[in-house]
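Below: structure_24.cif (mmCIF, C-alpha atoms; chains and numbers go by the auth columns)
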```cif
data_start
#
loop_
_atom_site.group_PDB
_atom_site.id
_atom_site.type_symbol
_atom_site.label_atom_id
_atom_site.label_comp_id
_atom_site.label_asym_id
_atom_site.label_seq_id
_atom_site.Cartn_x
_atom_site.Cartn_y
_atom_site.Cartn_z
_atom_site.B_iso_or_equiv
_atom_site.auth_seq_id
_atom_site.auth_asym_id
ATOM 1 C CA MET A 1 111.707 107.757 82.881 0.00 155 A
ATOM 2 C CA PHE A 2 108.868 105.313 82.245 0.00 156 A
ATOM 3 C CA LYS A 3 107.742 105.393 85.856 0.00 157 A
ATOM 4 C CA CYS A 4 107.402 109.161 85.494 0.00 158 A
ATOM 5 C CA CYS A 5 104.953 108.695 82.613 0.00 159 A
ATOM 6 C CA ILE A 6 102.903 106.163 84.570 0.00 160 A
ATOM 7 C CA TRP A 7 102.701 108.418 87.555 0.00 161 A
ATOM 8 C CA ALA A 8 101.697 111.464 85.558 0.00 162 A
ATOM 9 C CA LEU A 9 98.796 109.554 84.022 0.00 163 A
ATOM 10 C CA LEU A 10 97.731 108.106 87.349 0.00 164 A
ATOM 11 C CA LEU A 11 97.451 111.555 88.824 0.00 165 A
ATOM 12 C CA SER A 12 95.636 112.987 85.852 0.00 166 A
ATOM 13 C CA ASN A 13 92.906 110.342 86.226 0.00 167 A
ATOM 14 C CA THR A 14 91.794 110.970 89.973 0.00 168 A
ATOM 15 C CA PHE A 15 105.687 93.599 91.938 0.00 169 A
ATOM 16 C CA PHE A 16 107.459 88.461 87.374 0.00 170 A
ATOM 17 C CA ILE A 17 106.515 88.724 91.190 0.00 171 A
ATOM 18 C CA SER A 18 108.339 86.795 93.896 0.00 172 A
ATOM 19 C CA SER A 19 105.174 85.099 95.086 0.00 173 A
ATOM 20 C CA CYS A 20 101.422 85.488 95.242 0.00 174 A
ATOM 21 C CA LEU A 21 99.462 86.738 98.186 0.00 175 A
ATOM 22 C CA ALA A 22 97.995 84.042 100.414 0.00 176 A
ATOM 23 C CA LEU A 23 94.660 84.085 102.186 0.00 177 A
ATOM 24 C CA PRO A 24 95.135 84.164 105.966 0.00 178 A
ATOM 25 C CA SER A 25 94.380 80.964 107.859 0.00 179 A
ATOM 26 C CA GLU A 26 92.318 82.922 110.373 0.00 180 A
ATOM 27 C CA GLN A 27 89.609 84.995 108.732 0.00 181 A
ATOM 28 C CA PRO A 28 87.193 87.435 110.337 0.00 182 A
ATOM 29 C CA ASP A 29 83.759 85.955 111.012 0.00 183 A
ATOM 30 C CA SER A 30 82.210 88.471 108.637 0.00 184 A
ATOM 31 C CA TYR A 31 84.247 87.013 105.795 0.00 185 A
ATOM 32 C CA LYS A 32 83.593 83.367 106.718 0.00 186 A
ATOM 33 C CA ASN A 33 79.862 83.956 106.543 0.00 187 A
ATOM 34 C CA ASP A 34 80.031 85.597 103.151 0.00 188 A
ATOM 35 C CA LYS A 35 79.476 83.862 99.860 0.00 189 A
ATOM 36 C CA PRO A 36 82.849 82.445 98.682 0.00 190 A
ATOM 37 C CA ILE A 37 84.670 84.716 96.283 0.00 191 A
ATOM 38 C CA SER A 38 85.125 81.731 93.938 0.00 192 A
ATOM 39 C CA ALA A 39 81.363 81.693 93.411 0.00 193 A
ATOM 40 C CA ILE A 40 81.525 85.085 91.717 0.00 194 A
ATOM 41 C CA ILE A 41 81.949 84.950 87.958 0.00 195 A
ATOM 42 C CA GLU A 42 84.808 87.314 87.335 0.00 196 A
ATOM 43 C CA PRO A 43 87.078 88.323 84.440 0.00 197 A
ATOM 44 C CA GLN A 44 89.855 85.919 83.497 0.00 198 A
ATOM 45 C CA THR A 45 92.133 88.169 81.435 0.00 199 A
ATOM 46 C CA ARG A 46 93.949 91.433 81.933 0.00 200 A
ATOM 47 C CA ALA A 47 91.950 93.080 79.146 0.00 201 A
ATOM 48 C CA GLN A 48 88.665 92.062 80.770 0.00 202 A
ATOM 49 C CA TRP A 49 89.756 93.481 84.101 0.00 203 A
ATOM 50 C CA LYS A 50 90.775 96.747 82.480 0.00 204 A
ATOM 51 C CA GLN A 51 87.273 97.136 81.056 0.00 205 A
ATOM 52 C CA ILE A 52 85.971 97.134 84.629 0.00 206 A
ATOM 53 C CA ILE A 53 88.669 99.102 86.439 0.00 207 A
ATOM 54 C CA GLN A 54 89.870 101.393 83.632 0.00 208 A
ATOM 55 C CA TRP A 55 93.472 101.807 84.763 0.00 209 A
ATOM 56 C CA PRO A 56 95.712 104.203 82.763 0.00 210 A
ATOM 57 C CA ASP A 57 96.957 103.100 79.336 0.00 211 A
ATOM 58 C CA ALA A 58 100.547 103.797 80.450 0.00 212 A
ATOM 59 C CA CYS A 59 100.259 100.838 82.827 0.00 213 A
ATOM 60 C CA ASP A 60 99.773 98.592 79.774 0.00 214 A
ATOM 61 C CA GLU A 61 102.520 100.286 77.774 0.00 215 A
ATOM 62 C CA GLY A 62 105.032 99.430 80.493 0.00 216 A
ATOM 63 C CA VAL A 63 104.440 95.691 80.078 0.00 217 A
ATOM 64 C CA SER A 64 103.739 95.598 76.342 0.00 218 A
ATOM 65 C CA HIS A 65 107.064 93.798 75.767 0.00 219 A
ATOM 66 C CA ILE A 66 106.064 90.949 78.096 0.00 220 A
ATOM 67 C CA SER A 67 104.325 87.850 76.778 0.00 221 A
ATOM 68 C CA PHE A 68 101.560 87.076 79.249 0.00 222 A
ATOM 69 C CA SER A 69 100.895 83.421 80.058 0.00 223 A
ATOM 70 C CA LYS A 70 99.018 81.315 82.591 0.00 224 A
ATOM 71 C CA HIS A 71 102.071 81.670 84.838 0.00 225 A
ATOM 72 C CA PHE A 72 102.363 85.451 84.498 0.00 226 A
ATOM 73 C CA LYS A 73 99.165 87.197 83.521 0.00 227 A
ATOM 74 C CA GLY A 74 100.199 90.675 84.631 0.00 228 A
ATOM 75 C CA PHE A 75 97.579 90.850 87.378 0.00 229 A
ATOM 76 C CA TRP A 76 96.451 89.005 90.512 0.00 230 A
ATOM 77 C CA VAL A 77 93.081 88.970 92.245 0.00 231 A
ATOM 78 C CA HIS A 78 93.139 88.366 95.999 0.00 232 A
ATOM 79 C CA PRO A 79 90.258 87.726 98.430 0.00 233 A
ATOM 80 C CA TRP A 80 90.000 90.565 100.927 0.00 234 A
ATOM 81 C CA SER A 81 87.936 91.298 104.006 0.00 235 A
ATOM 82 C CA GLN A 82 84.124 91.438 103.841 0.00 236 A
ATOM 83 C CA GLY A 83 84.140 89.401 100.623 0.00 237 A
ATOM 84 C CA ARG A 84 85.771 92.155 98.599 0.00 238 A
ATOM 85 C CA ARG A 85 88.467 91.678 95.962 0.00 239 A
ATOM 86 C CA LEU A 86 91.901 93.269 95.839 0.00 240 A
ATOM 87 C CA VAL A 87 93.249 93.550 92.295 0.00 241 A
ATOM 88 C CA GLN A 88 96.995 93.929 91.806 0.00 242 A
ATOM 89 C CA VAL A 89 98.067 95.169 88.363 0.00 243 A
ATOM 90 C CA VAL A 90 101.636 95.096 87.028 0.00 244 A
ATOM 91 C CA CYS A 91 102.592 98.343 85.279 0.00 245 A
ATOM 92 C CA THR A 92 106.353 97.960 84.831 0.00 246 A
ATOM 93 C CA ARG A 93 109.044 95.381 85.461 0.00 247 A
ATOM 94 C CA GLY A 94 112.713 95.651 86.447 0.00 248 A
ATOM 95 C CA THR A 95 115.484 93.139 87.043 0.00 249 A
ATOM 96 C CA TYR A 96 114.463 92.325 90.601 0.00 250 A
ATOM 97 C CA ASN A 97 111.296 94.285 91.320 0.00 251 A
ATOM 98 C CA LEU A 98 107.917 95.088 89.850 0.00 252 A
ATOM 99 C CA GLY A 99 105.991 98.328 89.684 0.00 253 A
ATOM 100 C CA VAL A 100 102.358 97.614 90.579 0.00 254 A
ATOM 101 C CA ILE A 101 99.145 99.416 91.458 0.00 255 A
ATOM 102 C CA PHE A 102 96.280 98.110 93.614 0.00 256 A
ATOM 103 C CA TYR A 103 92.518 98.526 93.394 0.00 257 A
ATOM 104 C CA LEU A 104 90.219 97.528 96.267 0.00 258 A
ATOM 105 C CA GLU A 105 86.559 96.710 95.672 0.00 259 A
ATOM 106 C CA THR A 106 84.336 99.126 97.541 0.00 260 A
ATOM 107 C CA GLU A 107 81.949 96.381 98.662 0.00 261 A
ATOM 108 C CA LYS A 108 81.338 92.712 97.901 0.00 262 A
ATOM 109 C CA ALA A 109 80.624 91.936 94.213 0.00 263 A
ATOM 110 C CA SER A 110 80.059 95.626 93.436 0.00 264 A
ATOM 111 C CA ASN A 111 82.581 95.730 90.555 0.00 265 A
ATOM 112 C CA GLN A 112 83.430 99.228 91.810 0.00 266 A
ATOM 113 C CA PHE A 113 87.102 99.699 92.701 0.00 267 A
ATOM 114 C CA THR A 114 89.153 102.363 94.469 0.00 268 A
ATOM 115 C CA LEU A 115 92.771 103.084 93.569 0.00 269 A
ATOM 116 C CA LEU A 116 94.993 102.697 96.654 0.00 270 A
ATOM 117 C CA VAL A 117 97.630 105.330 97.438 0.00 271 A
ATOM 118 C CA PHE A 118 100.596 104.073 99.498 0.00 272 A
ATOM 119 C CA PRO A 119 102.738 106.034 101.979 0.00 273 A
ATOM 120 C CA GLN A 120 106.339 105.281 100.969 0.00 274 A
ATOM 121 C CA PHE A 121 109.903 106.172 101.888 0.00 275 A
ATOM 122 C CA ILE A 122 113.046 107.177 100.019 0.00 276 A
ATOM 123 C CA SER A 123 116.559 107.917 101.284 0.00 277 A
ATOM 124 C CA ALA A 124 117.419 111.585 101.484 0.00 278 A
ATOM 125 C CA GLY A 125 120.380 111.038 99.157 0.00 279 A
ATOM 126 C CA SER A 126 118.312 109.339 96.468 0.00 280 A
ATOM 127 C CA ALA A 127 115.582 111.975 96.666 0.00 281 A
ATOM 128 C CA GLU A 128 117.924 114.938 96.410 0.00 282 A
ATOM 129 C CA SER A 129 117.440 115.644 92.706 0.00 283 A
ATOM 130 C CA MET A 130 113.819 114.463 92.561 0.00 284 A
ATOM 131 C CA ILE A 131 112.032 116.718 95.036 0.00 285 A
ATOM 132 C CA ALA A 132 109.438 118.983 93.474 0.00 286 A
ATOM 133 C CA LYS A 133 107.830 120.273 96.663 0.00 287 A
ATOM 134 C CA VAL A 134 108.179 119.973 100.439 0.00 288 A
ATOM 135 C CA LEU A 135 104.806 119.532 102.162 0.00 289 A
ATOM 136 C CA SER A 136 106.088 119.339 105.749 0.00 290 A
ATOM 137 C CA GLY A 137 109.336 119.220 107.669 0.00 291 A
ATOM 138 C CA GLN A 138 112.743 120.502 106.668 0.00 292 A
ATOM 139 C CA LEU A 139 115.079 118.833 104.185 0.00 293 A
ATOM 140 C CA GLY A 140 118.404 117.646 105.551 0.00 294 A
ATOM 141 C CA THR A 141 117.017 116.845 108.984 0.00 295 A
ATOM 142 C CA ALA A 142 116.288 113.122 108.439 0.00 296 A
ATOM 143 C CA PRO A 143 117.911 110.132 106.690 0.00 297 A
ATOM 144 C CA TYR A 144 114.694 109.372 104.779 0.00 298 A
ATOM 145 C CA TYR A 145 111.741 111.293 103.396 0.00 299 A
ATOM 146 C CA GLN A 146 108.080 110.325 103.066 0.00 300 A
ATOM 147 C CA PHE A 147 106.054 110.481 99.862 0.00 301 A
ATOM 148 C CA GLN A 148 102.755 109.024 98.641 0.00 302 A
ATOM 149 C CA ARG A 149 101.787 107.467 95.320 0.00 303 A
ATOM 150 C CA PRO A 150 99.759 104.549 93.908 0.00 304 A
ATOM 151 C CA LEU A 151 102.696 102.876 92.104 0.00 305 A
ATOM 152 C CA VAL A 152 104.506 100.526 94.509 0.00 306 A
ATOM 153 C CA TRP A 153 107.974 99.417 93.427 0.00 307 A
ATOM 154 C CA GLY A 154 109.248 96.143 94.922 0.00 308 A
ATOM 155 C CA SER A 155 107.943 92.633 95.537 0.00 309 A
ATOM 156 C CA ILE A 156 104.970 91.516 97.564 0.00 310 A
ATOM 157 C CA LEU A 157 105.643 88.996 100.315 0.00 311 A
ATOM 158 C CA THR A 158 103.342 86.088 101.175 0.00 312 A
ATOM 159 C CA ASP A 159 102.517 87.059 104.766 0.00 313 A
ATOM 160 C CA MET A 160 98.890 88.166 104.610 0.00 314 A
ATOM 161 C CA SER A 161 97.914 87.547 108.232 0.00 315 A
ATOM 162 C CA GLY A 162 95.604 90.276 109.397 0.00 316 A
ATOM 163 C CA TYR A 163 95.054 91.367 105.768 0.00 317 A
ATOM 164 C CA THR A 164 98.444 92.996 105.522 0.00 318 A
ATOM 165 C CA ILE A 165 100.200 93.997 102.285 0.00 319 A
ATOM 166 C CA THR A 166 103.961 93.733 102.721 0.00 320 A
ATOM 167 C CA ASN A 167 106.357 95.152 100.158 0.00 321 A
ATOM 168 C CA LYS A 168 110.103 94.488 99.955 0.00 322 A
ATOM 169 C CA ASN A 169 111.966 97.058 97.880 0.00 323 A
ATOM 170 C CA ARG A 170 115.397 95.510 97.355 0.00 324 A
ATOM 171 C CA TYR A 171 118.467 97.628 96.699 0.00 325 A
ATOM 172 C CA ARG A 172 120.338 94.727 95.082 0.00 326 A
ATOM 173 C CA GLY A 173 119.648 91.294 93.635 0.00 327 A
ATOM 174 C CA ILE A 174 120.089 89.055 96.654 0.00 328 A
ATOM 175 C CA GLY A 175 117.861 91.325 98.700 0.00 329 A
ATOM 176 C CA GLY A 176 120.266 91.901 101.574 0.00 330 A
ATOM 177 C CA CYS A 177 119.342 95.562 101.936 0.00 331 A
ATOM 178 C CA GLY A 178 116.401 97.792 101.214 0.00 332 A
ATOM 179 C CA ILE A 179 113.073 98.922 102.653 0.00 333 A
ATOM 180 C CA LEU A 180 110.443 96.533 104.022 0.00 334 A
ATOM 181 C CA THR A 181 107.057 98.175 104.524 0.00 335 A
ATOM 182 C CA SER A 182 103.893 96.484 105.793 0.00 336 A
ATOM 183 C CA TYR A 183 100.519 98.123 105.250 0.00 337 A
ATOM 184 C CA GLN A 184 97.023 97.675 106.593 0.00 338 A
ATOM 185 C CA ILE A 185 94.042 99.269 104.894 0.00 339 A
ATOM 186 C CA VAL A 186 92.216 101.672 107.181 0.00 340 A
ATOM 187 C CA GLU A 187 89.093 103.484 106.000 0.00 341 A
ATOM 188 C CA GLY A 188 89.744 102.384 102.431 0.00 342 A
ATOM 189 C CA GLN A 189 93.398 103.429 102.109 0.00 343 A
ATOM 190 C CA PRO A 190 96.773 101.915 103.149 0.00 344 A
ATOM 191 C CA GLN A 191 98.528 102.997 106.324 0.00 345 A
ATOM 192 C CA VAL A 192 101.995 101.935 107.450 0.00 346 A
ATOM 193 C CA ALA A 193 101.803 99.067 109.973 0.00 347 A
ATOM 194 C CA SER A 194 105.560 98.562 110.281 0.00 348 A
ATOM 195 C CA LEU A 195 108.732 99.831 108.636 0.00 349 A
ATOM 196 C CA ARG A 196 112.149 98.125 108.485 0.00 350 A
ATOM 197 C CA ILE A 197 115.175 99.566 106.685 0.00 351 A
ATOM 198 C CA LYS A 198 118.664 98.149 106.074 0.00 352 A
ATOM 199 C CA GLU A 199 120.741 100.656 104.168 0.00 353 A
ATOM 200 C CA ASP A 200 124.226 99.069 104.228 0.00 354 A
ATOM 201 C CA CYS A 201 124.491 96.582 101.366 0.00 355 A
ATOM 202 C CA THR A 202 128.084 95.632 102.207 0.00 356 A
ATOM 203 C CA GLU A 203 127.229 93.913 105.470 0.00 357 A
ATOM 204 C CA ALA A 204 126.412 90.194 105.744 0.00 358 A
ATOM 205 C CA TRP A 205 123.042 89.167 104.309 0.00 359 A
ATOM 206 C CA LEU A 206 120.174 89.484 106.761 0.00 360 A
ATOM 207 C CA ALA A 207 116.569 88.349 106.312 0.00 361 A
ATOM 208 C CA PRO A 208 114.236 91.346 105.781 0.00 362 A
ATOM 209 C CA GLU A 209 112.156 90.510 108.866 0.00 363 A
ATOM 210 C CA LEU A 210 115.351 91.053 110.895 0.00 364 A
ATOM 211 C CA TRP A 211 116.214 94.442 109.424 0.00 365 A
ATOM 212 C CA PRO A 212 116.241 97.348 111.907 0.00 366 A
ATOM 213 C CA LEU A 213 112.708 98.349 112.915 0.00 367 A
ATOM 214 C CA ILE A 214 111.935 102.052 112.583 0.00 368 A
ATOM 215 C CA LYS A 215 109.675 103.506 115.249 0.00 369 A
ATOM 216 C CA LYS A 216 106.542 105.301 114.129 0.00 370 A
ATOM 217 C CA SER A 217 107.559 108.312 116.190 0.00 371 A
ATOM 218 C CA ASP A 218 110.709 108.494 114.052 0.00 372 A
ATOM 219 C CA TYR A 219 109.352 108.040 110.535 0.00 373 A
ATOM 220 C CA ALA A 220 106.275 110.165 111.251 0.00 374 A
ATOM 221 C CA SER A 221 108.589 113.122 111.785 0.00 375 A
ATOM 222 C CA TRP A 222 110.466 112.685 108.500 0.00 376 A
ATOM 223 C CA PRO A 223 109.821 115.393 105.877 0.00 377 A
ATOM 224 C CA LEU A 224 106.884 114.750 103.554 0.00 378 A
ATOM 225 C CA VAL A 225 107.698 115.568 99.947 0.00 379 A
ATOM 226 C CA ILE A 226 106.308 115.376 96.435 0.00 380 A
ATOM 227 C CA LEU A 227 108.738 113.874 93.957 0.00 381 A
ATOM 228 C CA GLU A 228 109.058 115.195 90.417 0.00 382 A
ATOM 229 C CA GLU A 229 107.859 111.890 88.966 0.00 383 A
ATOM 230 C CA GLU A 230 104.596 112.324 90.827 0.00 384 A
ATOM 231 C CA GLU A 231 103.577 115.546 89.123 0.00 385 A
#
```
This entry written out as structure tokens:
Amino acid sequence: MFKCCIWALLLSNTFFISSCLALPSEQPDSYKNDKPISAIIEPQTRAQWKQIIQWPDACDEGVSHISFSKHFKGFWVHPWSQGRRLVQVVCTRGTYNLGVIFYLETEKASNQFTLLVFPQFISAGSAESMIAKVLSGQLGTAPYYQFQRPLVWGSILTDMSGYTITNKNRYRGIGGCGILTSYQIVEGQPQVASLRIKEDCTEAWLAPELWPLIKKSDYASWPLVILEEEE
């Protein structure tokens, strides 16, 4: 229910995480020649960042019960390509996963940020009672459906080689099944770089990077829908 409120506010205005994102060991030359991001005086608190980015109030309401500390501040700032900053904001928290949104700086030290909208996937069975509209394809013809929204539910992995955001949405606590999606930002917005899905939670545990790889030609043909929580 809460995620529905967050999403409604996000649309009207235009992952405790497993680990933090790490800067790739190999960086593009354009980034190496830039002034280090650490040299930029930037906000140190969540409230200060909100003054700049102006994310929806519902994103704060979802974490109002959490006591922020130096170990969990409710946001992370990551160096990105061309000296830009990627700000990750926690909006809600579950038992195993986080609900987060991302803002990417438009250019170095501009303090202007764009909300990122992520292509995502949901099993046809789980989406059955949540579909508000079908944008393409026919329901019942694929095991999963596509949808897009800013709120990403899961946990961010540490592999940032090639400036890739990787999200693991676990179906159960030990993480033996779920959806693993890697994204690269193209022309200012995320696109799916790779998709792995392991649906059966009763099988032996398998590392997410070994889950079955879904071909682009397969997932690109899955129906594209709008979920009720997105409206």
Here is a test: counting only C-alpha atoms, which residue of A:Ser280, A:Cys245, A:Ser264, A:Trp365 is nearest to Gly216 in chain A? A:Cys245
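The interatomic distance for the pair CA of Ile333 in chain A and CA of Arg350 in chain A works out to 6.0 Å.
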So the first atom is CA of Gly316 in chain A and the second is CA of Glu261 in chain A; what is the distance between them in Å, to one decimal place?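 CA of Gly316 in chain A sits 18.4 Å away from CA of Glu261 in chain A.
For the pair CA of Ala286 in chain A and CA of Val379 in chain A, the interatomic distance is 7.5 Å.
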Give me the box for range 218-222 of chain A as JSON, namely the centre and edge lengths in Å to one decimal of a box along x, y and z that holds every listed atom plus 4 Å on each side.
```
{"center_x": 104.3, "center_y": 91.3, "center_z": 77.5, "size_x": 13.5, "size_y": 16.5, "size_z": 11.5}
```
Choose the residue, out of A:Thr295, A:Leu381, A:Glu357, A:Lys370, that has the smallest atom-to-atom separation from Glu282 in chain A; count all atoms listed in the file.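 Ranked by minimum distance to Glu282 in chain A, first place goes to A:Leu381.
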Residue nearest Gly237 in chain A among A:Lys369, A:Lys204, A:Lys287, A:Lys262 (counting all atoms listed in the file):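 That would be A:Lys262, the residue with the smallest distance to Gly237 in chain A.
Here, the PyMOL selection byres ((chain A and resi 368) around 8) matches Ser348, Leu349, Arg350, Ile351, Pro366, Leu367, Lys369, Lys370, Asp372 and Tyr373 of chain A.
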Using all atoms listed in the file, pick whichever of A:Leu293, A:Leu252, A:Val346, A:Ile207 has the shortest atom-to-atom distance to Leu378 in chain A.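 Counting all atoms listed in the file, the residue closest to Leu378 in chain A is A:Leu293.
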Determine, counting all atoms listed in the file, which protein, DNA and RNA residues have an atom within 10 Å of an atom of Asp214 in chain A; residues of the same chain fewer than 6 positions away are not included. Present the result as a PDB file with C-alpha atoms, in the coordinates of the input.
```
ATOM      1  CA  ILE A 160     102.903 106.163  84.570  1.00  0.00           C
ATOM      2  CA  ARG A 200      93.949  91.433  81.933  1.00  0.00           C
ATOM      3  CA  ALA A 201      91.950  93.080  79.146  1.00  0.00           C
ATOM      4  CA  LYS A 204      90.775  96.747  82.480  1.00  0.00           C
ATOM      5  CA  GLY A 228     100.199  90.675  84.631  1.00  0.00           C
ATOM      6  CA  VAL A 243      98.067  95.169  88.363  1.00  0.00           C
ATOM      7  CA  VAL A 244     101.636  95.096  87.028  1.00  0.00           C
ATOM      8  CA  CYS A 245     102.592  98.343  85.279  1.00  0.00           C
ATOM      9  CA  THR A 246     106.353  97.960  84.831  1.00  0.00           C
TER      10      THR A 246
END
```
